[in-house]
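To keep things clear, I will list the structure first and then write my remarks on it.
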Number of protein chains: 4
Amino acid sequence: MKQSIGFIGLGHMGIRMANRLLEAGFPLTVYNRSANKAAKLVDRGAKLAACPAALAECDTVITMLADDPAVEGVVTGPEGFAPTLKKGAIHIAMSTISVALSRRLAEQHKAASQHYVAAPVLGRPDAAEAGKLFILAAGEKVAECEPLFSAMGQRTFPIQGDAWNAHLTKLGCNFLIASAIEAMAEAFALTRKGGIDPAAFLNILTSTIFTAPAYKNYGGMIAAGKYQSEAGFTMPLAAKDVRLVLAAAEELRVPMPTASTVCDQMMQALGRGMDHLDWSALGLIAADNSGLPRAKE
Amino acid sequence: MKQSIGFIGLGHMGIRMANRLLEAGFPLTVYNRSANKAAKLVDRGAKLAACPAALAECDTVITMLADDPAVEGVVTGPEGFAPTLKKGAIHIAMSTISVALSRRLAEQHKAASQHYVAAPVLGRPDAAEAGKLFILAAGEKVAECEPLFSAMGQRTFPIQGDAWNAHLTKLGCNFLIASAIEAMAEAFALTRKGGIDPAAFLNILTSTIFTAPAYKNYGGMIAAGKYQSEAGFTMPLAAKDVRLVLAAAEELRVPMPTASTVCDQMMQALGRGMDHLDWSALGLIAADNSGLPRAKE
Amino acid sequence: MKQSIGFIGLGHMGIRMANRLLEAGFPLTVYNRSANKAAKLVDRGAKLAACPAALAECDTVITMLADDPAVEGVVTGPEGFAPTLKKGAIHIAMSTISVALSRRLAEQHKAASQHYVAAPVLGRPDAAEAGKLFILAAGEKVAECEPLFSAMGQRTFPIQGDAWNAHLTKLGCNFLIASAIEAMAEAFALTRKGGIDPAAFLNILTSTIFTAPAYKNYGGMIAAGKYQSEAGFTMPLAAKDVRLVLAAAEELRVPMPTASTVCDQMMQALGRGMDHLDWSALGLIAADNSGLPRAKE
Amino acid sequence: MKQSIGFIGLGHMGIRMANRLLEAGFPLTVYNRSANKAAKLVDRGAKLAACPAALAECDTVITMLADDPAVEGVVTGPEGFAPTLKKGAIHIAMSTISVALSRRLAEQHKAASQHYVAAPVLGRPDAAEAGKLFILAAGEKVAECEPLFSAMGQRTFPIQGDAWNAHLTKLGCNFLIASAIEAMAEAFALTRKGGIDPAAFLNILTSTIFTAPAYKNYGGMIAAGKYQSEAGFTMPLAAKDVRLVLAAAEELRVPMPTASTVCDQMMQALGRGMDHLDWSALGLIAADNSGLPRAKE
């Protein structure tokens, strides 16, 4: 019989990941602060928990929440699941959280004879929908989680060492995406101001040395000047991730001037009220700062 | 009968490009400051010119030299070919030069009833050897040059507008490579200091969202800590290119904070005497600045 | 009769400030984690408290501790003074803490019918010794604290608005000092590498447009290449302050690229093991990064 | 009898400096591209030259022009004075030019048996008017120039070594002013967004640790949000100076991340069309980027 799963956090990513688990036949109980987001999953057979603590009977609890306080709240907050979770149960932290919180969770679960797996993902909602995520997984019980991972993802990359290294790796990846966006933002501003067609420039990049999803996706948005993204990754979330990168860098004493630059530009985006835009809107900041006219929206 | 070609600059790239033209059957005369580099080409049928001016009879002259002064020297210097080049002849500037020089060359050739084509390339010496370069070409006579381009490259990207836009496009590409190197340098320092194996991190990047040559090539060098590169692109050349990016940005009034950061890091590399290393040695700067031990060489 | 004062934190600054209060005739009880630092003050009439909670009878409690956790610990930690402090008593937070903690303290004391005054200081230990500090003070009860301030400082600057604005103002000042140090570090590296005598350059600066203590003090250390500082402000403390600046900037959504640059350079200093040096050792980083030889120590 | 002086460049600074020489009794011939600016000086006894070459009979020629091309034009251009200047005559270059041009001038004059003195100044037009400039002077014949300097300035700082070191020193000073402006721009944005009155913050700075003209002048402009400056130093001139700093840093291989940051911010100012504003308008960029409302103009 398959292990029972508790799933907390039904945002753009979580709802699709939970659905994949349901389709794979795992007994699933879900919790979300706004319970109405759970309706479709409940229709398909998922149970609905009234609070995180109600997931304490599950064999495995997955968290997929936007930031550190949200995750810490459902784990060790007033109605958190950790105090009542059974011995030997596994908590899989799949959203992007700080290295510091990931370490703290590992220690707390260990002290309670529970297990902790850090397993953040690469991929946007469409990949979650199709079960095509990439999963970066670390922790003693990674092997036990593989059936879940293969329901949600196309490939699991095991990360050596402490569980929180998976979150550090994920932060490294997000930093590289953010810096690629910022670099493209500047390069498109430069070439566009020189009179070069953005679509033509994008075509050159993605046909030659930057034949990669990160450049195609975000480059496409910058070239088109389209920064509205329904299921996208908004600027405040992105800025939060870059701050987590810098916090990890501070703890490890690693200077990251490019991360600092990206953070500064995101701060401009937030200062100017671009909260609703995708993080590729760094392209809009670069264009504005160059005095380029905005595309008509 | 095929057009006669003069080729100036037989460095790592130029000698391989000239050889491709020779193999394709173009009558070829070459010039290089150090004439001995021309020996192999002469053995295969190329003529050797004693000075750039001796190429004035060619239908087309290609320059493939390291920097602005070198190019300007062979074009309009004391023994330059421009004053005696026949009307209607074409000068193809294929190395990476400043937008300002590219514009000046366009104007000078036009005033002399000669033609100017800007056609910088993407690719390293192995691509030049195999005729697999990408060529960014602009100027009125691009179509006439296509037979030459197809001997040297796998694909020509025509750039709209003024000829020097091709050089601006090329600078945009080089900036993006440089910024990807610097971002990787920082990301590898961060993850390595956290205890993550560089090869494993590289594998994740290049298997998921950064499946592109720029990341595979330079990421591989950083992950391995191997910055010696026989036919590579050394730090002084790279720093020169980033300066050309910033000069173009200054003229167009485009702020490029990431380019500035990359320039600062390259200045550190030069300040510390890393002239002989590949530009991926930004990874060494990031590692040193984090207090990471150097790999044994 | 003078109000009774509790003083927590007898570091380089605190011990001198407490001594000024004692000399001015205030009944003084002190607490320090390492009790032996209190010996001289006890000899002169101060009482020694066994824990922060033992200060609960004082009319006013001053905290002068190195960082947020230390301050929060003595206020609301297990043996903290806040839970037992009498109604109407005043807590004066005089060290540099985060805006977020300052706000939290204001709210907690208010909820307990206690008063909170934020009063960080400008000046180094010699100024504290001489009662020559500058005090930036905010909060409803600033006027009541003026007798204490005039014992410790040469001038009090009242800050309008919420109490934590005093800490924000202090962070703004510390940022300006840090950025002046970094700018000098770069300027001295530039001119020194060009062959200009650092002492001569310093003399020009401080005789013309930079006739200010910040330039004389820190410029003097950089010009001399002397970064050991017995009672100085070490790099880890400085880095902490710059992080507090960036945290405040993040909350207020203010991009601060110069603060980011300073932070990056401090991270280099920490990465390379310069924990024991004064923050003016940014001058050493700039010199090292330029390939300049180190002065013999 | 006093030496005869040629003076080229009658801008905001030059006209006041020339007037001081006239008042001190030096025989003066002036040249300016727009001759009408010379009218007042001619009324007081100065002669007007029709072209720079017409100054070739002077014992000493002073240049005070906005940028490198302007200076190089009047020295070695078609009607430049250098080819006909007599042996033993002195050229004093008093405006801010690149280290590279200063070196080139030194070499050219030496080859022509003429003398070269580099003597850039610190101070704004009001200081020039009052003869209160600070003069940074280098070159073999500095002593001979002292009578001129004391007519124009309050103090001469002799710079050791090669003449162009005076220009490098001046660039170092200008960089420090620019970085102080940028740091203040950020600090004022931070504190203002937190609700702190700019005038109060300025008062604290300039009463405590930043009691220096650079902070009073530019801090005052930022605090007031007044960036119009009749006799000021406009953004394009400032950006040019920062570029000269970075060019010198590049030649000497000195990384200057703060200079790069300042340059980026100035590029924003130019990109957004702030050519007519004083360089303290970096304060406007910082405010805009934070989403702060503009003061009514």
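In the structure tokens, each chain is lettered A, B, ... as it comes, each chain's residues begin at 1, and ligands are numbered from 1 in order of appearance.
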Could you produce a table of the residues of chain D lying within 6 Å of chain C, with the nearest pair of atoms per residue and their separation in Å rounded to one decimal, using only C-alpha atoms, ordered by chain and increasing residue number, as a tab-separated table?
residue	atom	partner	partner_atom	distance
D:Gly172	CA	C:Ala187	CA	5.4
D:Glu186	CA	C:Met256	CA	5.7
D:Ala187	CA	C:Gly172	CA	5.4
D:Ile209	CA	C:Pro213	CA	5.3
D:Phe210	CA	C:Ala212	CA	5.1
D:Thr211	CA	C:Ala212	CA	4.9
D:Ala212	CA	C:Thr211	CA	4.9
D:Pro213	CA	C:Ile209	CA	5.3
D:Ala214	CA	C:Ile209	CA	5.5
D:Val254	CA	C:Ser290	CA	4.7
D:Met256	CA	C:Glu186	CA	5.7
D:Ser290	CA	C:Val254	CA	4.7
Dump as a JSON list (two decimals), in the first residue's frame, selection limited to N, CA and C atoms:
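Written out: selection_36.json:
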[["chain", "number", "residue", "atom", "x", "y", "z"],
["D", 172, "GLY", "N", 41.41, 61.46, -8.90],
["D", 172, "GLY", "CA", 41.12, 60.80, -7.63],
["D", 172, "GLY", "C", 40.21, 61.66, -6.76],
["D", 186, "GLU", "N", 21.90, 57.95, -2.04],
["D", 186, "GLU", "CA", 21.27, 56.73, -1.54],
["D", 186, "GLU", "C", 20.82, 56.90, -0.09],
["D", 187, "ALA", "N", 21.66, 57.54, 0.72],
["D", 187, "ALA", "CA", 21.33, 57.69, 2.14],
["D", 187, "ALA", "C", 20.11, 58.60, 2.32],
["D", 209, "ILE", "N", 30.34, 64.10, 11.60],
["D", 209, "ILE", "CA", 31.49, 63.44, 10.98],
["D", 209, "ILE", "C", 31.77, 63.86, 9.55],
["D", 210, "PHE", "N", 30.87, 64.63, 8.97],
["D", 210, "PHE", "CA", 31.07, 65.06, 7.58],
["D", 210, "PHE", "C", 31.04, 66.58, 7.47],
["D", 211, "THR", "N", 31.85, 67.20, 8.30],
["D", 211, "THR", "CA", 31.93, 68.66, 8.35],
["D", 211, "THR", "C", 32.83, 69.19, 7.25],
["D", 212, "ALA", "N", 32.48, 68.87, 6.01],
["D", 212, "ALA", "CA", 33.37, 69.22, 4.91],
["D", 212, "ALA", "C", 32.58, 69.82, 3.77],
["D", 213, "PRO", "N", 33.24, 70.70, 3.00],
["D", 213, "PRO", "CA", 32.54, 71.37, 1.90],
["D", 213, "PRO", "C", 31.82, 70.41, 0.96],
["D", 214, "ALA", "N", 32.45, 69.29, 0.62],
["D", 214, "ALA", "CA", 31.82, 68.39, -0.35],
["D", 214, "ALA", "C", 30.46, 67.92, 0.15],
["D", 254, "VAL", "N", 43.52, 48.77, -11.86],
["D", 254, "VAL", "CA", 42.98, 48.94, -10.52],
["D", 254, "VAL", "C", 41.46, 48.77, -10.59],
["D", 256, "MET", "N", 37.81, 49.40, -9.56],
["D", 256, "MET", "CA", 37.17, 50.46, -8.79],
["D", 256, "MET", "C", 35.65, 50.28, -8.84],
["D", 290, "SER", "N", 13.63, 54.87, -6.12],
["D", 290, "SER", "CA", 12.98, 54.39, -4.89],
["D", 290, "SER", "C", 11.48, 54.60, -4.94]]
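Using only C-alpha atoms, the residues found no farther than 10 Å from Lys87 of chain C, other than those of its own chain fewer than 3 positions away, are Asp59, Thr84, Ile90, His109, Lys110, Ala112, Ser113, Gln114 and His115 of chain C.
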Write out as a PyMOL selection string the set of residues from segment 82-288 of chain B that DSSP, computed on the backbone, places in helix (DSSP H, G or I). chain B and resi 82-84+99-111+125-129+142-152+164-193+198-207+213-224+235-252+257-271+279-288
Close residues, Met266 of chain C itself excluded, 8 Å, only C-alpha atoms, min 6 positions apart in chain, as number ranges by chain: C: 235, 239, 282
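Put simply, atom CA of Leu237 of chain B is 18.8 Å away from atom CA of Ala127 of chain B.
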Distance in Å - atom CA of Phe7 of chain B versus atom CA of Pro69 of chain B: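 Going from atom CA of Phe7 of chain B over to atom CA of Pro69 of chain B covers 17.1 Å.
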Identify, on the basis of only C-alpha atoms, every residue whose closest approach to Ser102 of chain C does not exceed 9 Å; exclude the query and any residue fewer than 5 positions from it along the same chain; express the result as an MDAnalysis selection string. chainID C and resid 93 97 107 118 163:165 167
Requested write-out: C-alpha atoms of the selected residues, as a compact mmCIF listing (two decimals), in the first residue's frame:
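Everything below was put into again_2.txt:
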# COMPACT_ATOMS: atom_id res chain seq x y z
CA ALA C 93 18.56 51.42 23.07
CA ILE C 97 20.37 47.68 15.91
CA GLU C 107 5.78 48.02 20.32
CA ALA C 118 16.09 54.92 20.53
CA ALA C 163 11.54 56.02 17.72
CA TRP C 164 13.10 53.62 15.23
CA ASN C 165 13.84 56.54 12.92
CA HIS C 167 18.24 53.83 14.26
From a backbone DSSP assignment, name each residue in segment 24-198 of chain A labelled strand (DSSP E or B), as a ChimeraX atom specification. /A:28-31,47-48,60-63,90-93,115-118,121-122,133-138,153-158
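Reported to one decimal place, the separation of atom CA of Val71 of chain C from atom CA of Leu270 of chain C is 23.6 Å.
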Excluding Met64 of chain A and its own-chain neighbours fewer than 5 positions away, which residues fall within 6 Å of it when counting only C-alpha atoms? Please give them as a PyMOL selection string. chain A and resi 9+14+94-95
Excluding Ser34 of chain D and its own-chain neighbours fewer than 3 positions away, which residues fall within 10 Å of it when counting only C-alpha atoms? Please give them as a PyMOL selection string. chain D and resi 9-11+31+37-38
Who sits within 10 Å of Val75 of chain A, only C-alpha atoms, same chain under 3 positions skipped, as number ranges by chain: A: 8, 52-53, 61, 63, 69-72, 78-83, 85, 91, 105, 108-109
Selection file, N, CA and C atoms, as a PDB file, in the first residue's frame:
ATOM      1  N   ILE A   8       0.972  20.598   1.769  1.00  0.00           N
ATOM      2  CA  ILE A   8       0.624  21.942   2.244  1.00  0.00           C
ATOM      3  C   ILE A   8       1.102  22.991   1.242  1.00  0.00           C
ATOM      4  N   PRO A  52      -2.631  22.484   9.598  1.00  0.00           N
ATOM      5  CA  PRO A  52      -1.438  21.655   9.344  1.00  0.00           C
ATOM      6  C   PRO A  52      -1.318  20.504  10.330  1.00  0.00           C
ATOM      7  N   ALA A  53      -1.669  20.756  11.580  1.00  0.00           N
ATOM      8  CA  ALA A  53      -1.525  19.712  12.597  1.00  0.00           C
ATOM      9  C   ALA A  53      -2.361  18.484  12.260  1.00  0.00           C
ATOM     10  N   VAL A  61       4.908  14.425   4.755  1.00  0.00           N
ATOM     11  CA  VAL A  61       4.265  15.734   4.575  1.00  0.00           C
ATOM     12  C   VAL A  61       5.140  16.586   3.669  1.00  0.00           C
ATOM     13  N   THR A  63       5.843  20.316   1.967  1.00  0.00           N
ATOM     14  CA  THR A  63       5.512  21.741   2.037  1.00  0.00           C
ATOM     15  C   THR A  63       5.941  22.431   0.753  1.00  0.00           C
ATOM     16  N   PRO A  69       8.681  32.319   6.455  1.00  0.00           N
ATOM     17  CA  PRO A  69       7.713  32.384   7.557  1.00  0.00           C
ATOM     18  C   PRO A  69       6.526  31.451   7.325  1.00  0.00           C
ATOM     19  N   ALA A  70       6.074  31.345   6.078  1.00  0.00           N
ATOM     20  CA  ALA A  70       4.936  30.463   5.798  1.00  0.00           C
ATOM     21  C   ALA A  70       5.299  29.011   6.110  1.00  0.00           C
ATOM     22  N   VAL A  71       6.480  28.596   5.675  1.00  0.00           N
ATOM     23  CA  VAL A  71       6.894  27.214   5.932  1.00  0.00           C
ATOM     24  C   VAL A  71       7.075  26.984   7.426  1.00  0.00           C
ATOM     25  N   GLU A  72       7.794  27.899   8.070  1.00  0.00           N
ATOM     26  CA  GLU A  72       8.033  27.708   9.498  1.00  0.00           C
ATOM     27  C   GLU A  72       6.715  27.679  10.267  1.00  0.00           C
ATOM     28  N   PRO A  78       1.804  27.609  15.845  1.00  0.00           N
ATOM     29  CA  PRO A  78       0.773  27.183  16.799  1.00  0.00           C
ATOM     30  C   PRO A  78       0.011  25.926  16.366  1.00  0.00           C
ATOM     31  N   GLU A  79      -0.323  25.841  15.102  1.00  0.00           N
ATOM     32  CA  GLU A  79      -1.037  24.647  14.643  1.00  0.00           C
ATOM     33  C   GLU A  79      -0.166  23.814  13.701  1.00  0.00           C
ATOM     34  N   GLY A  80       1.132  23.921  13.877  1.00  0.00           N
ATOM     35  CA  GLY A  80       2.063  23.228  12.993  1.00  0.00           C
ATOM     36  C   GLY A  80       2.017  21.716  13.153  1.00  0.00           C
ATOM     37  N   PHE A  81       2.502  21.027  12.127  1.00  0.00           N
ATOM     38  CA  PHE A  81       2.378  19.567  12.150  1.00  0.00           C
ATOM     39  C   PHE A  81       3.543  18.860  12.859  1.00  0.00           C
ATOM     40  N   ALA A  82       4.661  19.557  13.015  1.00  0.00           N
ATOM     41  CA  ALA A  82       5.844  18.881  13.536  1.00  0.00           C
ATOM     42  C   ALA A  82       5.665  18.310  14.940  1.00  0.00           C
ATOM     43  N   PRO A  83       5.072  19.059  15.865  1.00  0.00           N
ATOM     44  CA  PRO A  83       4.998  18.528  17.238  1.00  0.00           C
ATOM     45  C   PRO A  83       4.241  17.206  17.323  1.00  0.00           C
ATOM     46  N   LEU A  85       3.700  15.074  14.546  1.00  0.00           N
ATOM     47  CA  LEU A  85       4.055  14.128  13.477  1.00  0.00           C
ATOM     48  C   LEU A  85       4.718  12.892  14.091  1.00  0.00           C
ATOM     49  N   HIS A  91       9.342  14.754   6.378  1.00  0.00           N
ATOM     50  CA  HIS A  91       8.923  16.060   5.880  1.00  0.00           C
ATOM     51  C   HIS A  91       9.784  16.399   4.663  1.00  0.00           C
ATOM     52  N   LEU A 105      15.170  23.142  10.197  1.00  0.00           N
ATOM     53  CA  LEU A 105      14.167  22.087  10.061  1.00  0.00           C
ATOM     54  C   LEU A 105      14.820  20.710  10.204  1.00  0.00           C
ATOM     55  N   GLN A 108      15.487  20.136  13.848  1.00  0.00           N
ATOM     56  CA  GLN A 108      14.275  19.935  14.654  1.00  0.00           C
ATOM     57  C   GLN A 108      13.657  18.560  14.404  1.00  0.00           C
ATOM     58  N   HIS A 109      13.575  18.180  13.141  1.00  0.00           N
ATOM     59  CA  HIS A 109      12.983  16.877  12.840  1.00  0.00           C
ATOM     60  C   HIS A 109      13.853  15.751  13.403  1.00  0.00           C
TER      61      HIS A 109
END
